[in-house]
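Raw contents of target21.cif, mmCIF, C-alpha atoms and all ligand atoms:
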data_coords
#
loop_
_atom_site.label_atom_id
_atom_site.label_comp_id
_atom_site.auth_asym_id
_atom_site.auth_seq_id
_atom_site.Cartn_x
_atom_site.Cartn_y
_atom_site.Cartn_z
CA MET J 1 -135.87 155.41 34.06
CA ILE J 2 -136.07 157.89 36.97
CA LYS J 3 -139.49 159.56 37.22
CA ILE J 4 -139.32 163.17 38.41
CA ALA J 5 -142.04 165.33 39.95
CA LEU J 6 -140.79 168.89 39.35
CA LEU J 7 -142.17 171.68 41.51
CA GLY J 8 -141.10 175.16 40.42
CA SER J 9 -140.51 174.05 36.83
CA THR J 10 -140.67 177.59 35.40
CA GLY J 11 -137.93 179.02 37.65
CA SER J 12 -134.19 179.28 37.19
CA ILE J 13 -133.53 175.88 38.84
CA GLY J 14 -136.63 174.23 37.36
CA ARG J 15 -135.62 175.13 33.79
CA GLN J 16 -132.14 173.73 34.42
CA VAL J 17 -133.62 170.48 35.74
CA LEU J 18 -135.42 170.16 32.42
CA LYS J 19 -132.12 170.73 30.60
CA THR J 20 -130.74 167.70 32.46
CA VAL J 21 -133.80 165.71 31.38
CA ASP J 22 -133.20 166.86 27.78
CA ARG J 23 -129.57 165.73 27.99
CA TYR J 24 -130.54 162.23 29.15
CA PRO J 25 -134.04 161.49 27.84
CA ASP J 26 -133.49 157.74 28.27
CA ARG J 27 -132.68 158.14 31.97
CA PHE J 28 -135.26 160.68 33.14
CA LYS J 29 -138.99 161.17 32.71
CA VAL J 30 -140.97 164.14 34.01
CA VAL J 31 -144.24 162.90 35.54
CA SER J 32 -145.45 166.24 36.88
CA LEU J 33 -144.79 169.96 36.54
CA ALA J 34 -145.89 172.74 38.89
CA CYS J 35 -145.53 176.51 39.03
CA GLU J 36 -147.15 179.55 40.59
CA LYS J 37 -148.24 181.84 37.75
CA ASN J 38 -146.07 181.62 34.62
CA ALA J 39 -148.76 180.00 32.45
CA GLU J 40 -147.07 180.70 29.12
CA LEU J 41 -143.87 178.87 30.04
CA LEU J 42 -145.73 176.05 31.81
CA SER J 43 -147.87 175.59 28.71
CA GLY J 44 -144.77 175.07 26.56
CA GLN J 45 -143.29 172.68 29.12
CA ILE J 46 -146.52 170.65 29.28
CA ASN J 47 -146.52 170.16 25.52
CA ARG J 48 -142.87 169.25 25.41
CA TYR J 49 -142.68 166.86 28.39
CA ARG J 50 -146.29 165.58 28.35
CA PRO J 51 -146.46 164.90 32.12
CA GLU J 52 -149.34 163.04 33.78
CA THR J 53 -149.99 166.08 35.99
CA ALA J 54 -149.49 169.82 35.63
CA CYS J 55 -150.31 172.39 38.32
CA ILE J 56 -150.54 176.16 38.43
CA LYS J 57 -151.36 177.93 41.67
CA ASP J 58 -152.82 181.08 40.15
CA SER J 59 -156.22 179.98 38.81
CA GLU J 60 -156.71 183.25 36.92
CA LYS J 61 -153.68 182.50 34.76
CA ALA J 62 -154.71 178.93 33.98
CA TYR J 63 -156.89 179.99 31.00
CA LYS J 64 -153.68 180.76 29.10
CA ILE J 65 -152.84 177.07 29.07
CA ARG J 66 -154.41 175.64 25.93
CA GLU J 67 -153.87 172.44 24.00
CA ILE J 68 -153.30 170.15 26.96
CA PRO J 69 -152.20 166.70 25.77
CA LYS J 70 -154.73 163.97 26.54
CA GLU J 71 -152.33 162.23 28.93
CA THR J 72 -152.02 165.38 31.12
CA THR J 73 -154.44 166.51 33.84
CA LEU J 74 -154.22 170.19 34.81
CA TYR J 75 -154.93 171.34 38.39
CA THR J 76 -155.13 174.93 39.64
CA GLY J 77 -155.40 176.69 42.99
CA GLU J 78 -153.65 176.96 46.34
CA ASN J 79 -153.26 173.20 46.88
CA ALA J 80 -152.83 172.17 43.26
CA TYR J 81 -149.20 171.27 43.93
CA LEU J 82 -150.38 168.29 46.00
CA HIS J 83 -151.36 166.56 42.76
CA ALA J 84 -147.83 167.09 41.44
CA ILE J 85 -146.38 165.01 44.28
CA SER J 86 -147.35 162.03 42.27
CA GLU J 87 -147.63 158.47 43.51
CA ASP J 88 -145.73 157.52 40.38
CA ALA J 89 -142.67 159.73 41.01
CA ASP J 90 -139.33 158.29 42.15
CA ILE J 91 -138.07 161.67 43.28
CA VAL J 92 -139.70 165.02 44.06
CA PHE J 93 -137.57 167.96 42.95
CA VAL J 94 -138.48 171.01 45.04
CA ALA J 95 -137.32 174.06 43.06
CA VAL J 96 -140.02 176.37 44.43
CA SER J 97 -138.66 179.58 45.94
CA GLY J 98 -139.24 180.81 49.50
CA PHE J 99 -141.34 179.53 52.40
CA ALA J 100 -143.78 178.09 49.85
CA GLY J 101 -141.30 175.22 49.49
CA LEU J 102 -141.91 173.87 53.00
CA ALA J 103 -145.37 172.34 52.52
CA PRO J 104 -144.54 170.40 49.31
CA THR J 105 -141.31 169.15 50.90
CA LEU J 106 -143.21 167.81 53.93
CA ARG J 107 -145.97 166.29 51.79
CA ALA J 108 -143.36 164.55 49.60
CA ILE J 109 -141.66 163.10 52.68
CA GLU J 110 -145.02 161.96 54.05
CA MET J 111 -145.52 160.08 50.77
CA LYS J 112 -142.08 158.49 51.35
CA LYS J 113 -140.57 160.14 48.29
CA ASN J 114 -136.90 161.08 48.16
CA VAL J 115 -136.56 164.83 47.76
CA ALA J 116 -134.01 166.74 45.67
CA LEU J 117 -134.11 169.99 47.61
CA ALA J 118 -133.09 173.26 45.99
CA ASN J 119 -135.41 175.22 48.28
CA LYS J 120 -133.25 176.27 51.23
CA GLU J 121 -135.94 178.32 52.98
CA SER J 122 -137.80 175.11 53.92
CA LEU J 123 -134.75 173.82 55.79
CA VAL J 124 -134.17 177.18 57.46
CA ALA J 125 -137.77 177.58 58.62
CA GLY J 126 -138.66 173.95 59.20
CA GLY J 127 -135.38 172.07 59.32
CA GLU J 128 -136.23 170.20 62.50
CA ILE J 129 -139.53 168.84 61.22
CA VAL J 130 -138.22 168.18 57.70
CA MET J 131 -135.16 166.23 58.88
CA SER J 132 -136.95 164.29 61.63
CA LEU J 133 -139.82 163.30 59.33
CA ALA J 134 -137.33 162.27 56.64
CA GLU J 135 -135.46 160.11 59.16
CA LYS J 136 -138.70 158.55 60.40
CA ASN J 137 -139.91 157.77 56.87
CA GLY J 138 -136.53 156.58 55.57
CA VAL J 139 -136.48 159.36 52.98
CA LYS J 140 -133.36 161.08 51.63
CA ILE J 141 -133.09 164.86 51.40
CA ILE J 142 -130.61 165.34 48.59
CA PRO J 143 -129.01 168.78 48.49
CA VAL J 144 -129.10 170.79 45.27
CA ASP J 145 -127.68 174.06 46.57
CA SER J 146 -124.14 174.11 45.12
CA GLU J 147 -122.33 174.42 48.48
CA HIS J 148 -124.26 171.57 50.06
CA SER J 149 -123.92 169.43 46.97
CA ALA J 150 -120.16 170.02 47.13
CA ILE J 151 -120.13 168.88 50.78
CA PHE J 152 -122.28 165.86 49.89
CA ARG J 153 -119.68 164.84 47.31
CA CYS J 154 -116.73 165.49 49.66
CA LEU J 155 -118.45 163.28 52.26
CA ASN J 156 -118.77 160.52 49.66
CA TYR J 157 -122.59 160.86 49.75
CA ASP J 158 -122.68 159.76 53.39
CA PHE J 159 -124.85 162.02 55.55
CA LYS J 160 -123.53 160.30 58.68
CA ALA J 161 -119.83 160.67 57.78
CA LYS J 162 -117.57 162.16 60.46
CA PHE J 163 -116.03 165.59 59.84
CA ARG J 164 -114.34 168.33 61.85
CA ARG J 165 -115.72 171.35 59.98
CA LEU J 166 -117.75 172.32 56.94
CA ILE J 167 -116.38 175.37 55.11
CA ILE J 168 -118.88 177.15 52.91
CA THR J 169 -117.72 179.66 50.32
CA ALA J 170 -119.42 183.00 49.57
CA SER J 171 -118.94 185.03 46.40
CA GLY J 172 -119.99 188.29 48.07
CA GLY J 173 -122.61 189.12 45.42
CA ALA J 174 -122.89 192.20 43.28
CA PHE J 175 -121.43 194.72 45.74
CA ARG J 176 -118.49 192.75 47.10
CA ASP J 177 -115.91 195.32 45.95
CA LEU J 178 -117.80 198.33 47.35
CA THR J 179 -117.66 199.95 50.78
CA LYS J 180 -120.65 199.85 53.11
CA ALA J 181 -121.45 203.50 52.32
CA GLU J 182 -121.39 202.81 48.56
CA THR J 183 -123.45 199.63 48.97
CA ALA J 184 -126.11 201.50 50.95
CA LYS J 185 -127.12 203.52 47.87
CA LYS J 186 -127.43 200.60 45.49
CA THR J 187 -130.75 199.68 43.88
CA ALA J 188 -132.25 196.25 43.30
CA ALA J 189 -131.53 196.54 39.56
CA GLU J 190 -127.84 196.86 40.42
CA ALA J 191 -127.96 194.07 42.99
CA LEU J 192 -129.44 191.75 40.36
CA LYS J 193 -126.21 191.87 38.34
CA HIS J 194 -124.48 188.97 40.10
CA PRO J 195 -120.86 188.64 39.00
CA ASN J 196 -120.70 184.81 38.96
CA TRP J 197 -124.17 183.22 38.97
CA ASN J 198 -127.40 183.61 37.00
CA MET J 199 -130.31 182.84 39.36
CA GLY J 200 -133.84 183.86 40.40
CA LYS J 201 -134.33 187.41 41.72
CA LYS J 202 -134.84 186.62 45.41
CA ILE J 203 -131.68 184.55 45.79
CA THR J 204 -129.63 187.05 43.78
CA ILE J 205 -130.56 189.81 46.24
CA ASP J 206 -129.83 187.38 49.09
CA CYS J 207 -126.34 186.96 47.63
CA ALA J 208 -125.76 190.73 47.63
CA THR J 209 -126.81 191.00 51.31
CA LEU J 210 -125.19 187.67 52.27
CA ALA J 211 -128.51 186.62 53.81
CA ASN J 212 -128.06 183.71 51.39
CA LYS J 213 -124.87 182.64 53.15
CA GLY J 214 -126.57 182.87 56.53
CA LEU J 215 -129.42 180.70 55.22
CA GLU J 216 -126.86 178.28 53.78
CA VAL J 217 -124.98 177.91 57.07
CA ILE J 218 -128.30 176.95 58.69
CA GLU J 219 -129.08 174.64 55.75
CA ALA J 220 -125.71 172.90 56.29
CA CYS J 221 -126.35 172.51 60.05
CA ARG J 222 -129.70 170.88 59.26
CA LEU J 223 -128.57 168.61 56.44
CA TYR J 224 -125.39 167.39 58.12
CA ASN J 225 -126.63 167.50 61.72
CA ALA J 226 -123.87 169.91 62.76
CA PRO J 227 -123.80 172.60 65.45
CA LEU J 228 -123.12 176.16 64.29
CA ALA J 229 -119.57 175.93 65.63
CA LYS J 230 -118.73 173.27 63.02
CA VAL J 231 -119.86 175.33 60.00
CA LYS J 232 -117.70 178.21 58.79
CA ALA J 233 -118.43 180.57 55.89
CA VAL J 234 -115.56 182.28 54.05
CA MET J 235 -115.43 184.83 51.24
CA HIS J 236 -114.22 183.39 47.95
CA PRO J 237 -114.87 185.89 45.16
CA GLU J 238 -114.08 183.53 42.26
CA SER J 239 -116.80 180.95 43.17
CA ILE J 240 -114.56 178.13 41.95
CA VAL J 241 -114.33 176.22 45.24
CA HIS J 242 -117.98 175.40 45.98
CA SER J 243 -117.33 174.26 49.56
CA MET J 244 -114.97 172.16 51.65
CA VAL J 245 -114.92 169.54 54.38
CA GLU J 246 -112.17 169.40 57.00
CA PHE J 247 -111.53 166.01 58.61
CA ASP J 248 -110.04 165.03 62.01
CA ASP J 249 -106.50 164.65 60.69
CA GLY J 250 -106.45 168.16 59.21
CA ALA J 251 -107.03 167.05 55.61
CA VAL J 252 -109.50 169.21 53.67
CA MET J 253 -111.54 168.00 50.67
CA ALA J 254 -112.91 170.60 48.26
CA GLN J 255 -115.10 170.48 45.18
CA LEU J 256 -114.11 172.84 42.39
CA GLY J 257 -115.67 173.89 39.11
CA TYR J 258 -116.81 176.93 37.18
CA PRO J 259 -120.03 178.32 38.67
CA SER J 260 -122.91 176.35 37.18
CA MET J 261 -125.96 174.75 38.76
CA GLU J 262 -125.94 172.06 36.07
CA VAL J 263 -123.51 169.92 38.07
CA PRO J 264 -125.35 169.90 41.44
CA ILE J 265 -128.75 169.54 39.75
CA GLN J 266 -127.63 166.54 37.74
CA LEU J 267 -125.74 164.99 40.65
CA ALA J 268 -128.89 165.10 42.80
CA LEU J 269 -130.54 162.90 40.16
CA THR J 270 -127.67 160.54 39.32
CA TYR J 271 -125.57 160.14 42.50
CA PRO J 272 -123.53 158.13 43.40
CA GLU J 273 -122.97 157.99 39.65
CA THR J 274 -121.90 160.99 37.60
CA ALA J 275 -122.48 161.75 33.93
CA GLU J 276 -121.26 164.26 31.32
CA THR J 277 -122.48 167.85 31.50
CA ASP J 278 -121.93 170.83 29.19
CA VAL J 279 -119.92 172.64 31.87
CA PRO J 280 -116.49 173.90 30.68
CA ARG J 281 -113.49 172.14 32.23
CA LEU J 282 -111.31 174.07 34.68
CA ASP J 283 -108.19 175.72 33.31
CA PHE J 284 -105.71 175.82 36.19
CA SER J 285 -103.09 177.71 34.19
CA ALA J 286 -105.18 180.89 34.33
CA MET J 287 -106.51 180.87 37.86
CA THR J 288 -105.99 182.60 41.18
CA LEU J 289 -108.13 181.64 44.16
CA ASN J 290 -108.72 184.07 47.03
CA PHE J 291 -110.30 183.53 50.45
CA GLY J 292 -111.10 185.92 53.28
CA GLU J 293 -113.25 186.63 56.33
CA ILE J 294 -116.81 187.89 55.98
CA ASP J 295 -117.20 191.57 56.88
CA THR J 296 -120.15 191.30 59.28
CA ASP J 297 -120.50 195.08 59.53
CA LYS J 298 -121.04 195.36 55.79
CA TYR J 299 -123.25 192.24 55.69
CA PRO J 300 -125.51 192.38 58.80
CA CYS J 301 -128.02 189.92 57.29
CA PHE J 302 -125.43 187.15 57.59
CA SER J 303 -125.05 187.57 61.36
CA LEU J 304 -128.79 188.04 61.85
CA ALA J 305 -129.44 184.65 60.24
CA LEU J 306 -126.96 182.96 62.58
CA LYS J 307 -128.43 184.77 65.56
CA ALA J 308 -131.90 183.52 64.61
CA PHE J 309 -130.57 179.96 64.32
CA GLU J 310 -129.01 180.19 67.78
CA ALA J 311 -132.32 181.48 69.19
CA GLY J 312 -133.99 178.30 67.86
CA ASP J 313 -137.70 177.35 67.70
CA ASN J 314 -139.51 179.57 65.15
CA TYR J 315 -136.81 182.30 65.06
CA PRO J 316 -135.10 181.09 61.86
CA CYS J 317 -138.54 180.96 60.21
CA ALA J 318 -139.25 184.55 61.30
CA MET J 319 -135.85 185.67 60.02
CA SER J 320 -136.35 184.02 56.64
CA ALA J 321 -139.90 185.38 56.29
CA ALA J 322 -138.84 188.92 57.22
CA ASN J 323 -136.03 188.65 54.70
CA GLU J 324 -138.38 187.40 51.96
CA ALA J 325 -140.86 190.22 52.58
CA ALA J 326 -138.13 192.87 52.74
CA VAL J 327 -136.43 191.57 49.58
CA GLY J 328 -139.82 191.85 47.85
CA LEU J 329 -140.04 195.52 48.92
CA TYR J 330 -136.44 196.18 47.84
CA LEU J 331 -137.17 194.63 44.43
CA GLU J 332 -140.05 197.11 44.09
CA ASP J 333 -137.68 199.98 45.04
CA LYS J 334 -139.76 200.69 48.15
CA ILE J 335 -136.91 200.29 50.64
CA GLY J 336 -133.13 200.68 50.59
CA PHE J 337 -130.46 197.98 50.71
CA TYR J 338 -129.83 198.12 54.48
CA ASP J 339 -133.56 198.27 55.25
CA ILE J 340 -133.55 194.53 54.52
CA ALA J 341 -131.33 193.96 57.57
CA ALA J 342 -133.36 196.51 59.56
CA ALA J 343 -136.56 194.60 58.76
CA ILE J 344 -135.05 191.30 59.90
CA GLU J 345 -133.75 192.86 63.10
CA TYR J 346 -137.16 194.45 63.74
CA VAL J 347 -138.98 191.13 63.33
CA LEU J 348 -136.47 189.18 65.44
CA GLY J 349 -137.02 191.75 68.18
CA LYS J 350 -140.75 191.13 68.36
CA VAL J 351 -141.30 187.51 67.32
CA GLU J 352 -143.51 185.45 69.59
CA ARG J 353 -141.54 182.33 70.51
CA LEU J 354 -143.32 179.18 69.37
CA LYS J 355 -142.31 175.56 68.85
CA ALA J 356 -141.41 174.82 65.24
CA THR J 357 -144.53 172.84 64.26
CA GLU J 358 -145.83 173.23 60.70
CA GLU J 359 -148.86 175.16 61.93
CA ASN J 360 -146.77 177.52 64.09
CA LEU J 361 -144.35 178.10 61.24
CA GLY J 362 -147.22 179.07 58.92
CA TYR J 363 -148.38 181.57 61.53
CA THR J 364 -144.84 182.86 62.14
CA ASP J 365 -144.25 183.34 58.41
CA PHE J 366 -147.52 185.27 58.07
CA ALA J 367 -146.92 187.43 61.15
CA ALA J 368 -143.33 188.27 60.17
CA ARG J 369 -144.37 189.36 56.68
CA ALA J 370 -147.25 191.42 58.06
CA ALA J 371 -144.88 193.15 60.50
CA VAL J 372 -142.46 194.03 57.69
CA TYR J 373 -145.18 195.39 55.39
CA GLN J 374 -146.69 197.41 58.22
CA LYS J 375 -143.44 198.97 59.34
CA PHE J 376 -141.50 199.24 56.07
CA GLY J 377 -144.05 199.07 53.20
CA ARG J 378 -144.68 202.56 51.93
P1 LIG O 401 -137.16 181.41 40.74
O1 LIG O 401 -137.80 182.61 41.31
O2 LIG O 401 -136.41 181.53 39.45
O3 LIG O 401 -138.27 180.27 40.52
C1 LIG O 401 -139.17 179.91 41.52
C2 LIG O 401 -140.10 178.82 41.01
O4 LIG O 401 -141.02 178.49 42.04
C3 LIG O 401 -140.95 179.25 39.83
O5 LIG O 401 -141.21 178.13 39.02
C4 LIG O 401 -142.25 179.72 40.49
O6 LIG O 401 -143.37 179.72 39.63
C5 LIG O 401 -142.35 178.65 41.56
N1 LIG O 401 -143.21 178.99 42.68
C6 LIG O 401 -143.10 180.05 43.52
N2 LIG O 401 -144.07 180.01 44.46
C7 LIG O 401 -144.79 178.88 44.22
C8 LIG O 401 -145.94 178.28 44.81
N3 LIG O 401 -146.53 178.83 45.87
N4 LIG O 401 -146.39 177.10 44.28
C9 LIG O 401 -145.80 176.54 43.21
N5 LIG O 401 -144.73 177.08 42.58
C10 LIG O 401 -144.24 178.23 43.09
O7 LIG O 401 -136.23 180.80 41.88
P2 LIG O 401 -134.89 179.95 41.72
O8 LIG O 401 -135.08 178.87 40.70
O9 LIG O 401 -133.74 180.86 41.61
O10 LIG O 401 -134.77 179.31 43.16
C11 LIG O 401 -135.60 178.24 43.60
C12 LIG O 401 -135.09 177.75 44.94
O11 LIG O 401 -133.78 177.18 44.75
C13 LIG O 401 -134.91 178.86 45.99
O12 LIG O 401 -135.26 178.38 47.25
C14 LIG O 401 -133.43 179.21 45.93
O13 LIG O 401 -132.93 179.68 47.15
C15 LIG O 401 -132.82 177.85 45.59
N6 LIG O 401 -131.55 177.92 44.88
C16 LIG O 401 -131.49 178.51 43.66
C17 LIG O 401 -130.29 178.61 42.97
C18 LIG O 401 -130.22 179.19 41.60
O14 LIG O 401 -129.17 179.09 40.94
N7 LIG O 401 -131.25 179.78 41.07
C19 LIG O 401 -129.04 178.09 43.56
C20 LIG O 401 -129.24 177.44 44.84
C21 LIG O 401 -130.45 177.36 45.46
P3 LIG O 401 -143.67 181.00 38.64
O15 LIG O 401 -142.54 181.03 37.65
O16 LIG O 401 -144.96 180.65 38.03
O17 LIG O 401 -143.70 182.21 39.52
MG MG O 402 -125.75 178.25 47.21
#
Step by step, read the file and then write its structure as structure tokens.
Ligand code: NDP
Ligand code: MG
Amino acid sequence: MIKIALLGSTGSIGRQVLKTVDRYPDRFKVVSLACEKNAELLSGQINRYRPETACIKDSEKAYKIREIPKETTLYTGENAYLHAISEDADIVFVAVSGFAGLAPTLRAIEMKKNVALANKESLVAGGEIVMSLAEKNGVKIIPVDSEHSAIFRCLNYDFKAKFRRLIITASGGAFRDLTKAETAKKTAAEALKHPNWNMGKKITIDCATLANKGLEVIEACRLYNAPLAKVKAVMHPESIVHSMVEFDDGAVMAQLGYPSMEVPIQLALTYPETAETDVPRLDFSAMTLNFGEIDTDKYPCFSLALKAFEAGDNYPCAMSAANEAAVGLYLEDKIGFYDIAAAIEYVLGKVERLKATEENLGYTDFAARAAVYQKFGR
């Protein structure tokens, strides 16, 4: 029985983790659940999974959680999530969105827990400290993001395996068939209609701007200890090839499947074993696969992410924070599509260079958001 601490249980990934638990109730047990504010959903999850610990950050919403089973203790407030990183857990599943994922990831590693990491922003902002602490504590960071899970599988679950290049595929998001001028006028409601994947709002906007692919290139560099030159992103509108690994002899391994997070989520919990999922099987008789270069003029957020990674220290953190703040404003229809890139560029132009310690990253995240709200919030 694998005991799971699930942070971000009410989100798109979190709910799918619970579907995996439902599929194999004899293999998995949820020992803790944590969310930010969705008390209604958390309440239902508590009663269904009866964890030892449940946490909700927003104390004002906690009153909505009634009928707590006697085996569950409920915690609320800013640091409530710390209780969810339970001593009892075998694995901590970090499905929290945004920079908020960094602290629980670090605390889990400090407690020597293996981490199934969906939260890419923690690796972008704090990749150096996350990976070095994991190495020091003998903890595994198991990728959940579909591209990185595909690479993990192609490398036979060996983080130290040799490779020539990692090739990450990008769907292009909601506006992939539009020109730059047409894309510029598009609203968040339109950007949220992703052609291939059904995900949380922030990442769906990141897919439309390709900030997501920039974050994922950085995520791959961190997870697989690769320089930027060894990680390539390519357009692949069908989202069937989830990523590829090229080896010394020119051979390329790819992982294919219809777009579904079920496979990478389950693999993170079962690897090196695999088990049945409900995902439809590929039909090769009715399939065409296309690949192409990324149009960096149309997708400036992609290049800005790579530029931030090259700058090092706290720059990737500033980039990711500026992006998160700007995406929030775009979702509220306060700024336009290309203002997201403008906000990132603005922040990268004024960030105070600091070493990537946890404290400095917290400050950088705060300062970057403040700069975006001040300049772009209307
Ligand atoms: P969602 O917005 O759907 O869910 C986010 C979850 O995190 C919610 O449960 C939310 O709680 C919780 N949360 C947010 N802030 C806090 C906090 N401070 N403390 C505790 N819980 C918090 O996001 P997704 O599920 O789409 O994405 C989660 C992560 O996984 C992201 O980093 C994303 O990039 C990554 N990812 C997602 C994919 C997908 O298919 N969705 C694919 C690949 C990666 P509440 O509901 O109460 O607000
Ligand atoms: Mg991905």
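Nearest residue to J:Lys201, choosing from J:Lys3, J:Gln374, J:Ala188, J:Met253 and counting all atoms listed in the file: J:Ala188.
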List all protein, DNA and RNA residues that have an atom no more than 8 Å from any atom of ligand LIG 401 (chain O), counting all atoms listed in the file, and report them as a PDB file with C-alpha atoms, in the frame of the given file.
ATOM      1  CA  LEU J   7    -142.170 171.680  41.510  1.00  0.00           C
ATOM      2  CA  GLY J   8    -141.100 175.160  40.420  1.00  0.00           C
ATOM      3  CA  SER J   9    -140.510 174.050  36.830  1.00  0.00           C
ATOM      4  CA  THR J  10    -140.670 177.590  35.400  1.00  0.00           C
ATOM      5  CA  GLY J  11    -137.930 179.020  37.650  1.00  0.00           C
ATOM      6  CA  SER J  12    -134.190 179.280  37.190  1.00  0.00           C
ATOM      7  CA  ILE J  13    -133.530 175.880  38.840  1.00  0.00           C
ATOM      8  CA  GLY J  14    -136.630 174.230  37.360  1.00  0.00           C
ATOM      9  CA  ARG J  15    -135.620 175.130  33.790  1.00  0.00           C
ATOM     10  CA  ALA J  34    -145.890 172.740  38.890  1.00  0.00           C
ATOM     11  CA  CYS J  35    -145.530 176.510  39.030  1.00  0.00           C
ATOM     12  CA  GLU J  36    -147.150 179.550  40.590  1.00  0.00           C
ATOM     13  CA  LYS J  37    -148.240 181.840  37.750  1.00  0.00           C
ATOM     14  CA  ASN J  38    -146.070 181.620  34.620  1.00  0.00           C
ATOM     15  CA  ALA J  39    -148.760 180.000  32.450  1.00  0.00           C
ATOM     16  CA  LEU J  42    -145.730 176.050  31.810  1.00  0.00           C
ATOM     17  CA  CYS J  55    -150.310 172.390  38.320  1.00  0.00           C
ATOM     18  CA  ILE J  56    -150.540 176.160  38.430  1.00  0.00           C
ATOM     19  CA  LYS J  57    -151.360 177.930  41.670  1.00  0.00           C
ATOM     20  CA  GLU J  78    -153.650 176.960  46.340  1.00  0.00           C
ATOM     21  CA  TYR J  81    -149.200 171.270  43.930  1.00  0.00           C
ATOM     22  CA  VAL J  94    -138.480 171.010  45.040  1.00  0.00           C
ATOM     23  CA  ALA J  95    -137.320 174.060  43.060  1.00  0.00           C
ATOM     24  CA  VAL J  96    -140.020 176.370  44.430  1.00  0.00           C
ATOM     25  CA  SER J  97    -138.660 179.580  45.940  1.00  0.00           C
ATOM     26  CA  GLY J  98    -139.240 180.810  49.500  1.00  0.00           C
ATOM     27  CA  ALA J 100    -143.780 178.090  49.850  1.00  0.00           C
ATOM     28  CA  GLY J 101    -141.300 175.220  49.490  1.00  0.00           C
ATOM     29  CA  LEU J 117    -134.110 169.990  47.610  1.00  0.00           C
ATOM     30  CA  ALA J 118    -133.090 173.260  45.990  1.00  0.00           C
ATOM     31  CA  ASN J 119    -135.410 175.220  48.280  1.00  0.00           C
ATOM     32  CA  LYS J 120    -133.250 176.270  51.230  1.00  0.00           C
ATOM     33  CA  GLU J 121    -135.940 178.320  52.980  1.00  0.00           C
ATOM     34  CA  SER J 122    -137.800 175.110  53.920  1.00  0.00           C
ATOM     35  CA  VAL J 144    -129.100 170.790  45.270  1.00  0.00           C
ATOM     36  CA  ASP J 145    -127.680 174.060  46.570  1.00  0.00           C
ATOM     37  CA  SER J 146    -124.140 174.110  45.120  1.00  0.00           C
ATOM     38  CA  TRP J 197    -124.170 183.220  38.970  1.00  0.00           C
ATOM     39  CA  ASN J 198    -127.400 183.610  37.000  1.00  0.00           C
ATOM     40  CA  MET J 199    -130.310 182.840  39.360  1.00  0.00           C
ATOM     41  CA  GLY J 200    -133.840 183.860  40.400  1.00  0.00           C
ATOM     42  CA  LYS J 201    -134.330 187.410  41.720  1.00  0.00           C
ATOM     43  CA  LYS J 202    -134.840 186.620  45.410  1.00  0.00           C
ATOM     44  CA  ILE J 203    -131.680 184.550  45.790  1.00  0.00           C
ATOM     45  CA  THR J 204    -129.630 187.050  43.780  1.00  0.00           C
ATOM     46  CA  ASN J 212    -128.060 183.710  51.390  1.00  0.00           C
ATOM     47  CA  SER J 260    -122.910 176.350  37.180  1.00  0.00           C
ATOM     48  CA  MET J 261    -125.960 174.750  38.760  1.00  0.00           C
TER      49      MET J 261
END
All residues 12 Å or closer to J:Lys160, all atoms listed in the file, same chain fewer than 6 positions away omitted, as a PyMOL selection string: chain J and resi 135+152+223-226
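Checking J:Phe163, J:Tyr75, J:Tyr63, J:Tyr373 one by one against J:Asp339, counting all atoms listed in the file, you find the shortest gap at J:Tyr373.
Near stretch 172-174 of chain J, within 7 Å and counting all atoms listed in the file, sit Ala191, Lys193, His194, Pro195, Cys207, Ala208, Leu210, Met235 and Pro237 of chain J; same-chain residues fewer than 6 positions away were not included.
Computed from the coordinates, the atom CA of J:Leu348 to atom CA of J:Phe302 distance equals 13.7 Å.
Candidate residues J:Val21, J:Ala325, J:Cys301, J:Ile265 were compared for distance to J:Gly214, and the nearest is J:Cys301, using all atoms listed in the file.
Here the question is which of J:Ser59, J:Thr169, J:Thr53, J:Gln255 gets nearest to ligand MG 402 (chain O) using only C-alpha atoms and all ligand atoms, and that residue is J:Thr169.
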Using Å and a single decimal, report how far atom CA of J:Gly312 sits from atom CA of J:Ala368. 15.7 Å
Selected residue, from J:Thr183, J:Thr296, J:Asn114, J:Ser239, that lies nearest to ligand MG 402 (chain O) when counting all atoms listed in the file: J:Ser239
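In this comparison, which uses only C-alpha atoms and all ligand atoms, the residue of J:Arg353, J:Lys298, J:Arg222, J:His148 approaching ligand MG 402 (chain O) most closely is J:His148.
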Calculate how many Å separate atom CA of J:Ile141 from atom CA of J:Lys19, rounding to one decimal. 21.6 Å
Please provide as an MDAnalysis selection string all residues within 12 Å of J:His83, with the sequence filter that same-chain residues fewer than 3 positions apart are discarded (counting all atoms listed in the file). chainID J and resid 5:7 31:34 51:57 72:80 86:89 92 104 107:108 111
